[in-house]
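What follows is a set of notes on a single structure, which appears directly below.
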Amino acid sequence: MIPQANPGAGYRALKTEIDAAVARALNSGWYILGAEGRAFEAEYAAWLGAARAVGCANGTDALALALRGLGIGPGMAVATVSHTAVATVAAIEMVGATPVLIDIEPATYTMDPVELAEVLAHPPSGLPPIRAVIPVHLYGQAADLEPIMAAAARYGAAVIEDCSQAHGATLDGRKLGTIAPVSCFSLYPTKNLGALGDGGVIATSDAALADRLAALRQYGWKTHYISDEAGVNSRLDEIQAAILRVKLQHLDAANARRQQIAVAYDAATPLPAPVRRANASHVFHQYVLRSPERLAVQAALRENGVATGIHYPASVHLQPAYQGRVALGPAGCIQTAQACAEVFSLPMYPELTATEVAQICDALRRL
Ligand SMILES: *Cc1c(COP(=O)(O)O)cnc(C)c1O
């Protein structure tokens with residue numbers, strides 16, 4: 001069976017380099033916030049084209065820290081989508097803010113800017129003022145940022161890009177993560193840039209905000225042992241930073257390989273291929289198809305040795321923790337719920353061999 005994700009293959013492909021980087025970190029005698037972390041932050045910022053990058057413990061914390069850094073907290077609402085990793089919504093609640101969930105555009109699975117503008121103009125009654133918007137660049141492709149940022153600006157809401165699935169993707173020739181004033185990336189093992197453990201990074205070109213985030217991630221310390229403001233512990237460790245420095249050098253090639261695999265799937269699938277947004281590059285964190293007959297399609301692929309995944313099987317607003325409790329926009333997340341019922345993801349990682357891709361394409365042709 002060809003697995004849908006395979007982080008172990010990602011390690012084995014770079015084993016010699018990664019083992020050397022881990023040994024270097026271990027032998028340094030310094031394990032938290034040291035030379036490897038600083039080098040990773042500098043290299044990531046340079047690769048992205050942002051002035052600063054601040055490492056932290058995971059992608060959820062990256063979003064929560066960014067919200068706190070912008071002063072978002074209790075008595076404020078944050079708009080995002082329900083068709084995302086639950087982490088996006090969890091981060092909003094971590095800072096004490098209230099999520100409001102906007103529906104998606106069905107073709108790209110990303111935030112509907114028209115509904116966002118409507119919610120900003122006429123917020124649901126009882127909702128605190130919307131002070132931030134978190135568009136999610138889902139599956140490796142940009143949300144429609146221009147109208148989202150324009151609507152947010154009209155109502156004085158900050159924009160934070162959730163780039164956890166889109167390291168290296170572009171919109172109008174600009175890398176995602178450099179368009180809004182602050183952006184967050186998960187470095188979870190299966191992401192396009194993945195650690196071999198947890199990790200996250202926040203990018204910004206605002207030096208004062210970067211300094212504040214660097215303090216917030218470690219108890220609010222600017223000077224050791226002195227908390228200037230109340231912070232948290234959300235640090236990226238040296239071993240993960242050393243591993244990420246290796247992986248970063250291979251990220252562009254890895255994204256190119258994902259795109260090449262996507263083109264092969266496009267040619268083989270009888271179901272409509274994923275829609276690419278104009279003027280954008282898609283880095284295929286996931287290659288997602290949809291079918292009202294999902295169960296049968298997944299079973300047929302499995303019979304031909306191809307595992308599939310579902311991202312995500314339940315919209316956030318319909319999960320037990322959130323159902324009936326989180327605010328929705330006027331569209332009621334209808335497209336979100338429908339996408340959830342139909343989407344499935346093919347195996348997608350750069351280490352898929354030519355033989356495996358051919359086998360997956362054969363299985364697709366037989367659908
Ligand atoms: C993975 C992911 C996160 C959360 O990242 P963690 O590192 O698991 O905390 C947030 N948002 C999106 C869109 C993600 O895919």
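Chain labels run A, B, ... following the order of the structure tokens; each chain numbers its residues from 1, and ligands are numbered from 1 in the order shown.
Around His282 in chain A, within 8 Å and counting only C-alpha atoms, the residues found are Gly140, Gln141, Ala142, Ala166, Ala169, Thr170, Gln259 and Arg276 of chain A, once anything fewer than 4 positions away on its own chain is removed.
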Give me a file of those residues, with all heavy atoms, as a CSV table (one decimal), in the first residue's frame.
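Once written, selection-v3.csv looks like this:
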chain,number,residue,atom,x,y,z
A,140,GLY,N,-1.8,24.2,0.0
A,140,GLY,CA,-0.7,24.7,-0.8
A,140,GLY,C,-1.0,25.8,-1.8
A,140,GLY,O,-0.1,26.2,-2.6
A,141,GLN,N,-2.2,26.3,-1.7
A,141,GLN,CA,-2.6,27.4,-2.6
A,141,GLN,C,-3.1,28.6,-1.9
A,141,GLN,O,-3.8,28.5,-0.8
A,141,GLN,CB,-3.6,26.8,-3.5
A,141,GLN,CG,-4.3,27.9,-4.4
A,141,GLN,CD,-4.9,27.3,-5.7
A,141,GLN,OE1,-4.4,27.5,-6.8
A,141,GLN,NE2,-6.0,26.6,-5.5
A,142,ALA,N,-2.8,29.8,-2.5
A,142,ALA,CA,-3.2,31.0,-1.8
A,142,ALA,C,-4.7,31.2,-1.7
A,142,ALA,O,-5.5,30.9,-2.6
A,142,ALA,CB,-2.6,32.2,-2.7
A,166,ALA,N,1.6,26.1,3.0
A,166,ALA,CA,1.9,26.8,1.7
A,166,ALA,C,3.3,27.4,1.7
A,166,ALA,O,3.6,28.4,1.1
A,166,ALA,CB,0.9,27.9,1.5
A,169,ALA,N,4.7,28.8,-1.8
A,169,ALA,CA,3.7,29.1,-2.8
A,169,ALA,C,3.7,30.7,-3.0
A,169,ALA,O,4.1,31.4,-2.1
A,169,ALA,CB,2.3,28.7,-2.3
A,170,THR,N,3.2,31.1,-4.2
A,170,THR,CA,3.2,32.5,-4.5
A,170,THR,C,1.9,33.0,-5.0
A,170,THR,O,1.0,32.2,-5.4
A,170,THR,CB,4.3,32.9,-5.6
A,170,THR,OG1,3.9,32.2,-6.8
A,170,THR,CG2,5.7,32.4,-5.2
A,259,GLN,N,4.9,19.5,-7.5
A,259,GLN,CA,4.1,20.1,-8.6
A,259,GLN,C,4.1,19.1,-9.8
A,259,GLN,O,3.2,18.9,-10.6
A,259,GLN,CB,4.7,21.4,-9.0
A,259,GLN,CG,4.4,22.5,-8.0
A,259,GLN,CD,5.2,23.8,-8.1
A,259,GLN,OE1,6.3,23.7,-8.7
A,259,GLN,NE2,4.6,24.9,-7.6
A,276,ARG,N,-6.4,25.6,-10.1
A,276,ARG,CA,-5.3,26.5,-9.8
A,276,ARG,C,-5.8,27.9,-9.9
A,276,ARG,O,-6.3,28.3,-11.0
A,276,ARG,CB,-4.1,26.3,-10.7
A,276,ARG,CG,-3.1,25.2,-10.3
A,276,ARG,CD,-3.7,23.8,-10.5
A,276,ARG,NE,-2.7,22.8,-10.7
A,276,ARG,CZ,-2.9,21.5,-11.0
A,276,ARG,NH1,-4.2,21.1,-11.1
A,276,ARG,NH2,-1.9,20.7,-11.2
What residues of the protein or nucleic acid chains come within 6 Å of ligand 1 when you use only C-alpha atoms and all ligand atoms? Reply as an NGL selection string. :A and (58-60 or 84-85 or 87-88 or 136 or 162 or 164-165 or 186-188 or 199-200)
Give me a file of those residues, with all heavy atoms, as an mmCIF file, in the first residue's frame.
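Below you can see selection35.cif, which holds the result:
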data_model
loop_
_atom_site.group_PDB
_atom_site.id
_atom_site.type_symbol
_atom_site.label_atom_id
_atom_site.label_comp_id
_atom_site.auth_asym_id
_atom_site.auth_seq_id
_atom_site.Cartn_x
_atom_site.Cartn_y
_atom_site.Cartn_z
ATOM 1 N N ASN A 58 5.347 25.409 17.694
ATOM 2 C CA ASN A 58 4.469 24.742 16.722
ATOM 3 C C ASN A 58 3.645 25.796 15.983
ATOM 4 O O ASN A 58 3.686 26.985 16.336
ATOM 5 C CB ASN A 58 3.554 23.714 17.424
ATOM 6 C CG ASN A 58 2.759 24.339 18.550
ATOM 7 O OD1 ASN A 58 1.895 25.180 18.302
ATOM 8 N ND2 ASN A 58 3.063 23.977 19.783
ATOM 9 N N GLY A 59 2.887 25.348 14.995
ATOM 10 C CA GLY A 59 2.118 26.291 14.174
ATOM 11 C C GLY A 59 0.957 26.926 14.917
ATOM 12 O O GLY A 59 0.599 28.083 14.659
ATOM 13 N N THR A 60 0.358 26.176 15.847
ATOM 14 C CA THR A 60 -0.752 26.731 16.632
ATOM 15 C C THR A 60 -0.242 27.889 17.486
ATOM 16 O O THR A 60 -0.844 28.967 17.528
ATOM 17 C CB THR A 60 -1.355 25.636 17.542
ATOM 18 O OG1 THR A 60 -1.541 24.458 16.774
ATOM 19 C CG2 THR A 60 -2.679 26.078 18.132
ATOM 20 N N THR A 84 -10.378 24.100 7.758
ATOM 21 C CA THR A 84 -8.957 24.252 8.075
ATOM 22 C C THR A 84 -8.602 23.238 9.145
ATOM 23 O O THR A 84 -9.492 22.570 9.702
ATOM 24 C CB THR A 84 -8.646 25.683 8.570
ATOM 25 O OG1 THR A 84 -7.245 25.800 8.839
ATOM 26 C CG2 THR A 84 -9.419 26.038 9.834
ATOM 27 N N ALA A 85 -7.315 23.136 9.436
ATOM 28 C CA ALA A 85 -6.893 22.385 10.615
ATOM 29 C C ALA A 85 -7.521 23.075 11.823
ATOM 30 O O ALA A 85 -7.544 24.308 11.888
ATOM 31 C CB ALA A 85 -5.375 22.399 10.718
ATOM 32 N N ALA A 87 -6.450 23.712 14.445
ATOM 33 C CA ALA A 87 -5.436 24.561 15.076
ATOM 34 C C ALA A 87 -5.692 26.046 14.844
ATOM 35 O O ALA A 87 -5.452 26.870 15.729
ATOM 36 C CB ALA A 87 -4.058 24.193 14.526
ATOM 37 N N THR A 88 -6.170 26.409 13.660
ATOM 38 C CA THR A 88 -6.389 27.824 13.357
ATOM 39 C C THR A 88 -7.409 28.420 14.321
ATOM 40 O O THR A 88 -7.229 29.518 14.857
ATOM 41 C CB THR A 88 -6.888 27.991 11.903
ATOM 42 O OG1 THR A 88 -6.090 27.167 11.033
ATOM 43 C CG2 THR A 88 -6.789 29.436 11.449
ATOM 44 N N VAL A 136 -6.503 31.200 5.416
ATOM 45 C CA VAL A 136 -5.656 29.996 5.404
ATOM 46 C C VAL A 136 -5.351 29.652 3.945
ATOM 47 O O VAL A 136 -6.263 29.525 3.128
ATOM 48 C CB VAL A 136 -6.383 28.810 6.081
ATOM 49 C CG1 VAL A 136 -5.523 27.558 6.051
ATOM 50 C CG2 VAL A 136 -6.773 29.167 7.519
ATOM 51 N N ASP A 162 -2.215 32.337 7.483
ATOM 52 C CA ASP A 162 -1.873 30.999 7.962
ATOM 53 C C ASP A 162 -1.268 30.246 6.784
ATOM 54 O O ASP A 162 -1.971 29.746 5.898
ATOM 55 C CB ASP A 162 -3.110 30.272 8.516
ATOM 56 C CG ASP A 162 -2.747 28.913 9.136
ATOM 57 O OD1 ASP A 162 -1.628 28.425 8.898
ATOM 58 O OD2 ASP A 162 -3.603 28.346 9.849
ATOM 59 N N SER A 164 0.637 27.540 6.960
ATOM 60 C CA SER A 164 1.097 26.228 7.434
ATOM 61 C C SER A 164 1.118 25.163 6.345
ATOM 62 O O SER A 164 1.803 24.152 6.479
ATOM 63 C CB SER A 164 0.201 25.747 8.570
ATOM 64 O OG SER A 164 0.320 26.622 9.666
ATOM 65 N N GLN A 165 0.356 25.376 5.272
ATOM 66 C CA GLN A 165 0.317 24.391 4.180
ATOM 67 C C GLN A 165 0.878 24.972 2.885
ATOM 68 O O GLN A 165 0.655 24.409 1.818
ATOM 69 C CB GLN A 165 -1.136 23.928 3.965
ATOM 70 C CG GLN A 165 -1.743 23.330 5.228
ATOM 71 C CD GLN A 165 -3.062 22.612 4.982
ATOM 72 O OE1 GLN A 165 -3.506 22.462 3.843
ATOM 73 N NE2 GLN A 165 -3.683 22.154 6.062
ATOM 74 N N SER A 186 3.374 26.383 10.287
ATOM 75 C CA SER A 186 3.640 25.173 11.058
ATOM 76 C C SER A 186 4.815 24.458 10.405
ATOM 77 O O SER A 186 4.978 24.496 9.181
ATOM 78 C CB SER A 186 2.422 24.247 11.034
ATOM 79 O OG SER A 186 2.767 22.954 11.525
ATOM 80 N N LEU A 187 5.641 23.796 11.227
ATOM 81 C CA LEU A 187 6.749 22.996 10.705
ATOM 82 C C LEU A 187 6.576 21.538 11.140
ATOM 83 O O LEU A 187 7.544 20.811 11.352
ATOM 84 C CB LEU A 187 8.089 23.581 11.199
ATOM 85 C CG LEU A 187 8.297 25.067 10.871
ATOM 86 C CD1 LEU A 187 9.502 25.638 11.617
ATOM 87 C CD2 LEU A 187 8.471 25.275 9.361
ATOM 88 N N TYR A 188 5.329 21.139 11.300
ATOM 89 C CA TYR A 188 4.947 19.760 11.639
ATOM 90 C C TYR A 188 5.555 18.820 10.586
ATOM 91 O O TYR A 188 5.703 19.208 9.418
ATOM 92 C CB TYR A 188 3.413 19.710 11.627
ATOM 93 C CG TYR A 188 2.789 18.409 12.021
ATOM 94 C CD1 TYR A 188 2.676 18.047 13.359
ATOM 95 C CD2 TYR A 188 2.291 17.534 11.055
ATOM 96 C CE1 TYR A 188 2.083 16.840 13.720
ATOM 97 C CE2 TYR A 188 1.692 16.338 11.405
ATOM 98 C CZ TYR A 188 1.596 15.986 12.746
ATOM 99 O OH TYR A 188 1.006 14.803 13.092
ATOM 100 N N GLY A 199 7.411 22.176 15.457
ATOM 101 C CA GLY A 199 8.081 23.454 15.227
ATOM 102 C C GLY A 199 7.123 24.419 14.564
ATOM 103 O O GLY A 199 6.123 24.011 13.955
ATOM 104 N N GLY A 200 7.404 25.701 14.701
ATOM 105 C CA GLY A 200 6.618 26.727 14.037
ATOM 106 C C GLY A 200 7.488 27.946 13.816
ATOM 107 O O GLY A 200 8.563 28.074 14.423
#
Residue contacts of Val343 in chain A (9 Å, only C-alpha atoms) excluding same-chain residues fewer than 3 positions away, as a list in words: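 Neighbouring residues, sequence-local ones excluded: Val288, Leu289, Arg290, Ser291, Pro292, Arg294, Gly309, Ile310, His311, Tyr312, Pro313, Gln338, Ala339 and Cys340 of chain A.
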Since we have the selection now, will you write its residues out, keeping all heavy atoms, as a compact mmCIF listing (two decimals), in the first residue's frame?
# COMPACT_ATOMS: atom_id res chain seq x y z
N VAL A 288 -5.92 17.32 -3.77
CA VAL A 288 -7.27 17.01 -3.28
C VAL A 288 -8.25 16.90 -4.44
O VAL A 288 -8.35 17.79 -5.29
CB VAL A 288 -7.72 18.11 -2.29
CG1 VAL A 288 -9.18 17.92 -1.89
CG2 VAL A 288 -6.83 18.07 -1.05
N LEU A 289 -8.95 15.78 -4.47
CA LEU A 289 -10.04 15.58 -5.43
C LEU A 289 -11.34 15.55 -4.64
O LEU A 289 -11.33 15.43 -3.42
CB LEU A 289 -9.85 14.25 -6.17
CG LEU A 289 -8.59 14.15 -7.04
CD1 LEU A 289 -8.41 12.72 -7.54
CD2 LEU A 289 -8.66 15.13 -8.22
N ARG A 290 -12.46 15.68 -5.34
CA ARG A 290 -13.74 15.52 -4.63
C ARG A 290 -14.70 14.69 -5.44
O ARG A 290 -14.69 14.71 -6.67
CB ARG A 290 -14.33 16.87 -4.23
CG ARG A 290 -14.74 17.76 -5.36
CD ARG A 290 -15.09 19.15 -4.83
NE ARG A 290 -16.30 19.15 -4.01
CZ ARG A 290 -16.73 20.22 -3.32
NH1 ARG A 290 -16.05 21.35 -3.34
NH2 ARG A 290 -17.84 20.15 -2.63
N SER A 291 -15.52 13.94 -4.71
CA SER A 291 -16.54 13.10 -5.35
C SER A 291 -17.67 12.88 -4.36
O SER A 291 -17.43 12.61 -3.18
CB SER A 291 -15.95 11.74 -5.74
OG SER A 291 -17.00 10.83 -6.00
N PRO A 292 -18.93 12.95 -4.85
CA PRO A 292 -20.06 12.60 -3.97
C PRO A 292 -20.02 11.11 -3.60
O PRO A 292 -20.65 10.70 -2.64
CB PRO A 292 -21.30 12.92 -4.82
CG PRO A 292 -20.81 13.64 -6.04
CD PRO A 292 -19.35 13.37 -6.19
N ARG A 294 -17.39 9.45 -2.51
CA ARG A 294 -16.04 9.36 -1.95
C ARG A 294 -15.69 7.97 -1.40
O ARG A 294 -14.61 7.47 -1.68
CB ARG A 294 -15.87 10.41 -0.85
CG ARG A 294 -14.52 10.33 -0.16
CD ARG A 294 -14.30 11.50 0.74
NE ARG A 294 -15.18 11.53 1.89
CZ ARG A 294 -15.32 12.57 2.71
NH1 ARG A 294 -14.61 13.66 2.50
NH2 ARG A 294 -16.13 12.52 3.74
N GLY A 309 -6.30 10.10 2.11
CA GLY A 309 -6.65 10.74 3.39
C GLY A 309 -7.81 11.68 3.18
O GLY A 309 -8.27 11.88 2.04
N ILE A 310 -8.32 12.26 4.25
CA ILE A 310 -9.39 13.26 4.14
C ILE A 310 -8.99 14.48 4.96
O ILE A 310 -8.75 14.37 6.17
CB ILE A 310 -10.74 12.70 4.65
CG1 ILE A 310 -11.17 11.51 3.79
CG2 ILE A 310 -11.82 13.80 4.61
CD1 ILE A 310 -12.48 10.88 4.24
N HIS A 311 -8.87 15.59 4.29
CA HIS A 311 -8.49 16.84 4.96
C HIS A 311 -9.54 17.90 4.69
O HIS A 311 -9.51 18.53 3.67
CB HIS A 311 -7.11 17.31 4.46
CG HIS A 311 -6.06 16.29 4.68
ND1 HIS A 311 -5.73 15.34 3.73
CD2 HIS A 311 -5.27 16.05 5.76
CE1 HIS A 311 -4.78 14.56 4.21
NE2 HIS A 311 -4.47 14.97 5.43
N TYR A 312 -10.56 18.01 5.57
CA TYR A 312 -10.68 17.36 6.85
C TYR A 312 -12.03 16.67 6.93
O TYR A 312 -12.99 17.15 6.34
CB TYR A 312 -10.52 18.41 7.95
CG TYR A 312 -9.11 18.98 7.92
CD1 TYR A 312 -8.82 20.09 7.13
CD2 TYR A 312 -8.09 18.36 8.61
CE1 TYR A 312 -7.52 20.59 7.05
CE2 TYR A 312 -6.79 18.86 8.55
CZ TYR A 312 -6.51 19.96 7.76
OH TYR A 312 -5.24 20.44 7.68
N PRO A 313 -12.14 15.58 7.69
CA PRO A 313 -13.40 14.83 7.70
C PRO A 313 -14.55 15.57 8.37
O PRO A 313 -15.71 15.25 8.11
CB PRO A 313 -13.05 13.55 8.47
CG PRO A 313 -11.79 13.84 9.19
CD PRO A 313 -11.08 14.94 8.46
N GLN A 338 -20.18 20.85 2.57
CA GLN A 338 -20.24 20.01 1.37
C GLN A 338 -18.85 19.52 0.96
O GLN A 338 -18.67 18.36 0.60
CB GLN A 338 -20.88 20.79 0.22
CG GLN A 338 -21.02 19.92 -1.00
CD GLN A 338 -22.17 20.36 -1.90
OE1 GLN A 338 -22.91 21.29 -1.58
NE2 GLN A 338 -22.31 19.68 -3.01
N ALA A 339 -17.87 20.42 1.02
CA ALA A 339 -16.49 20.02 0.68
C ALA A 339 -16.04 18.91 1.63
O ALA A 339 -15.46 17.90 1.20
CB ALA A 339 -15.55 21.22 0.77
N CYS A 340 -16.33 19.07 2.91
CA CYS A 340 -15.93 18.07 3.90
C CYS A 340 -16.49 16.69 3.57
O CYS A 340 -15.85 15.68 3.84
CB CYS A 340 -16.45 18.46 5.28
SG CYS A 340 -15.27 19.39 6.18
Taking 3 positions as the minimum chain separation for residues in the same chain, which residues sit within 8 Å of range 296-298 of chain A when counting only C-alpha atoms? Answer as a PyMOL selection string. chain A and resi 291+293+301-302+307-308+344+367
Could you dump the residues just selected with all heavy atoms as a compact mmCIF listing (two decimals), in the first residue's frame?
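Below is the file selection_3.txt, written as the result:
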# COMPACT_ATOMS: atom_id res chain seq x y z
N SER A 291 -15.52 13.94 -4.71
CA SER A 291 -16.54 13.10 -5.35
C SER A 291 -17.67 12.88 -4.36
O SER A 291 -17.43 12.61 -3.18
CB SER A 291 -15.95 11.74 -5.74
OG SER A 291 -17.00 10.83 -6.00
N GLU A 293 -19.25 10.34 -4.39
CA GLU A 293 -19.13 8.89 -4.12
C GLU A 293 -17.79 8.60 -3.44
O GLU A 293 -17.09 7.64 -3.78
CB GLU A 293 -19.19 8.09 -5.43
CG GLU A 293 -20.34 8.46 -6.36
CD GLU A 293 -21.68 8.11 -5.73
OE1 GLU A 293 -21.74 7.13 -4.98
OE2 GLU A 293 -22.66 8.87 -5.96
N LEU A 301 -9.46 2.87 -4.96
CA LEU A 301 -8.03 3.21 -4.94
C LEU A 301 -7.28 2.28 -3.98
O LEU A 301 -6.19 1.78 -4.29
CB LEU A 301 -7.83 4.68 -4.54
CG LEU A 301 -8.30 5.70 -5.59
CD1 LEU A 301 -8.32 7.11 -5.02
CD2 LEU A 301 -7.37 5.66 -6.83
N ARG A 302 -7.88 2.03 -2.83
CA ARG A 302 -7.24 1.14 -1.84
C ARG A 302 -7.03 -0.24 -2.43
O ARG A 302 -5.99 -0.86 -2.24
CB ARG A 302 -8.11 1.08 -0.58
CG ARG A 302 -7.36 0.62 0.67
CD ARG A 302 -8.23 0.65 1.94
NE ARG A 302 -9.01 1.86 2.05
CZ ARG A 302 -10.36 1.91 2.07
NH1 ARG A 302 -11.06 0.80 1.97
NH2 ARG A 302 -10.98 3.05 2.19
N ALA A 307 -3.38 4.39 -0.73
CA ALA A 307 -4.06 4.94 0.44
C ALA A 307 -4.43 6.40 0.16
O ALA A 307 -3.72 7.10 -0.56
CB ALA A 307 -3.16 4.85 1.67
N THR A 308 -5.54 6.83 0.75
CA THR A 308 -5.94 8.24 0.61
C THR A 308 -6.24 8.79 2.01
O THR A 308 -6.38 8.03 2.96
CB THR A 308 -7.21 8.39 -0.25
OG1 THR A 308 -8.22 7.53 0.29
CG2 THR A 308 -6.96 8.04 -1.70
N PHE A 344 -11.05 14.18 -0.79
CA PHE A 344 -10.07 13.19 -0.34
C PHE A 344 -8.72 13.53 -0.97
O PHE A 344 -8.66 14.19 -2.01
CB PHE A 344 -10.50 11.75 -0.67
CG PHE A 344 -10.61 11.47 -2.14
CD1 PHE A 344 -9.56 10.85 -2.82
CD2 PHE A 344 -11.75 11.81 -2.86
CE1 PHE A 344 -9.64 10.59 -4.19
CE2 PHE A 344 -11.83 11.55 -4.23
CZ PHE A 344 -10.78 10.94 -4.89
N LEU A 367 -10.64 4.34 -12.31
CA LEU A 367 -11.84 4.77 -11.55
C LEU A 367 -13.06 4.86 -12.47
O LEU A 367 -12.92 5.24 -13.62
CB LEU A 367 -11.60 6.13 -10.87
CG LEU A 367 -10.69 6.14 -9.64
CD1 LEU A 367 -10.51 7.57 -9.13
CD2 LEU A 367 -11.24 5.25 -8.52
With only C-alpha atoms as the counted atoms, please give the residues lying no more than 10 Å from Ala35 in chain A, apart from itself and same-chain residues fewer than 5 positions off, as a count of residues only. 8
Let's see if you can do this: from backbone DSSP, list all strand (DSSP E) residues in range 132-222 of chain A, as an NGL selection string. :A and (132-133 or 158-162 or 170-171 or 174-175 or 182-186 or 200-204 or 221-222)
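Atom pair CA of Ile261 in chain A / CA of Gly197 in chain A: separated by 25.8 Å.
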Pick from A:Ser183, A:Ser345, A:Asn192, A:Thr355 nearest to Ala210 in chain A, counting only C-alpha atoms: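 Closest to Ala210 in chain A, using only C-alpha atoms: A:Ser183.
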Neighbours of Tyr31 in chain A within 12 Å (only C-alpha atoms; same-chain residues fewer than 4 positions away dropped), as a VMD selection string? chain A and resid 22 to 27 35 to 37 235 to 242
Give me, as a PyMOL selection string, all polymer residues having an atom no more than 6 Å from Gly73 in chain A, counting only C-alpha atoms and skipping those fewer than 4 positions away in the same chain. chain A and resi 95-97
Please write the residues from the selection above to a file, keeping all heavy atoms, as a PDB file, in the first residue's frame.
ATOM      1  N   VAL A  95      -5.978  32.795  22.807  1.00  0.00           N
ATOM      2  CA  VAL A  95      -5.712  34.161  23.270  1.00  0.00           C
ATOM      3  C   VAL A  95      -6.975  34.811  23.855  1.00  0.00           C
ATOM      4  O   VAL A  95      -6.964  35.985  24.181  1.00  0.00           O
ATOM      5  CB  VAL A  95      -5.114  35.057  22.145  1.00  0.00           C
ATOM      6  CG1 VAL A  95      -3.830  34.440  21.610  1.00  0.00           C
ATOM      7  CG2 VAL A  95      -6.114  35.311  21.023  1.00  0.00           C
ATOM      8  N   GLY A  96      -8.043  34.040  23.953  1.00  0.00           N
ATOM      9  CA  GLY A  96      -9.260  34.558  24.580  1.00  0.00           C
ATOM     10  C   GLY A  96     -10.169  35.309  23.628  1.00  0.00           C
ATOM     11  O   GLY A  96     -11.167  35.900  24.051  1.00  0.00           O
ATOM     12  N   ALA A  97      -9.832  35.288  22.322  1.00  0.00           N
ATOM     13  CA  ALA A  97     -10.679  35.963  21.330  1.00  0.00           C
ATOM     14  C   ALA A  97     -11.774  35.003  20.855  1.00  0.00           C
ATOM     15  O   ALA A  97     -11.737  33.801  21.138  1.00  0.00           O
ATOM     16  CB  ALA A  97      -9.845  36.459  20.162  1.00  0.00           C
TER      17      ALA A  97
END
Between A:Glu351, A:Asp61, A:Asp19, A:Asp198, which residue has the minimum interatomic distance to His250 in chain A, considering only C-alpha atoms?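 Among A:Glu351, A:Asp61, A:Asp19, A:Asp198, it is A:Glu351 that comes nearest to His250 in chain A.
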Could you check how far CA of Lys175 in chain A sits from CA of Pro106 in chain A, in Å to one decimal? 23.2 Å
Restricting the calculation to only C-alpha atoms: of A:Gly55, A:Gly8, A:Asp144, A:Ala152, which residue gets closest to Glu43 in chain A?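 Residue with the minimum atom-to-atom distance to Glu43 in chain A: A:Gly55.
Take the candidates A:Leu346, A:Ala195, A:Ala20, A:Leu295 and check each one against Leu248 in chain A using only C-alpha atoms; the shortest distance goes to A:Ala195.
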Gap from CA of Val306 in chain A to CA of Val275 in chain A - Å, one decimal: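 About the pair CA of Val306 in chain A and CA of Val275 in chain A: they are 22.4 Å apart.
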Please extract the residues of range 68-199 of chain A with a backbone DSSP assignment of helix (DSSP H, G or I) and present them as a ChimeraX atom specification. /A:68-69,86-94,113-121,138-140,145-154
Leu14 in chain A proximity check over A:Ile360, A:Val54, A:Gln249, A:Ala354, using only C-alpha atoms: winner is A:Gln249
With only C-alpha atoms as the atoms that count, which of A:Cys163, A:Ala153, A:Ile102, A:Ala45 lies nearest to Val81 in chain A? A:Ile102
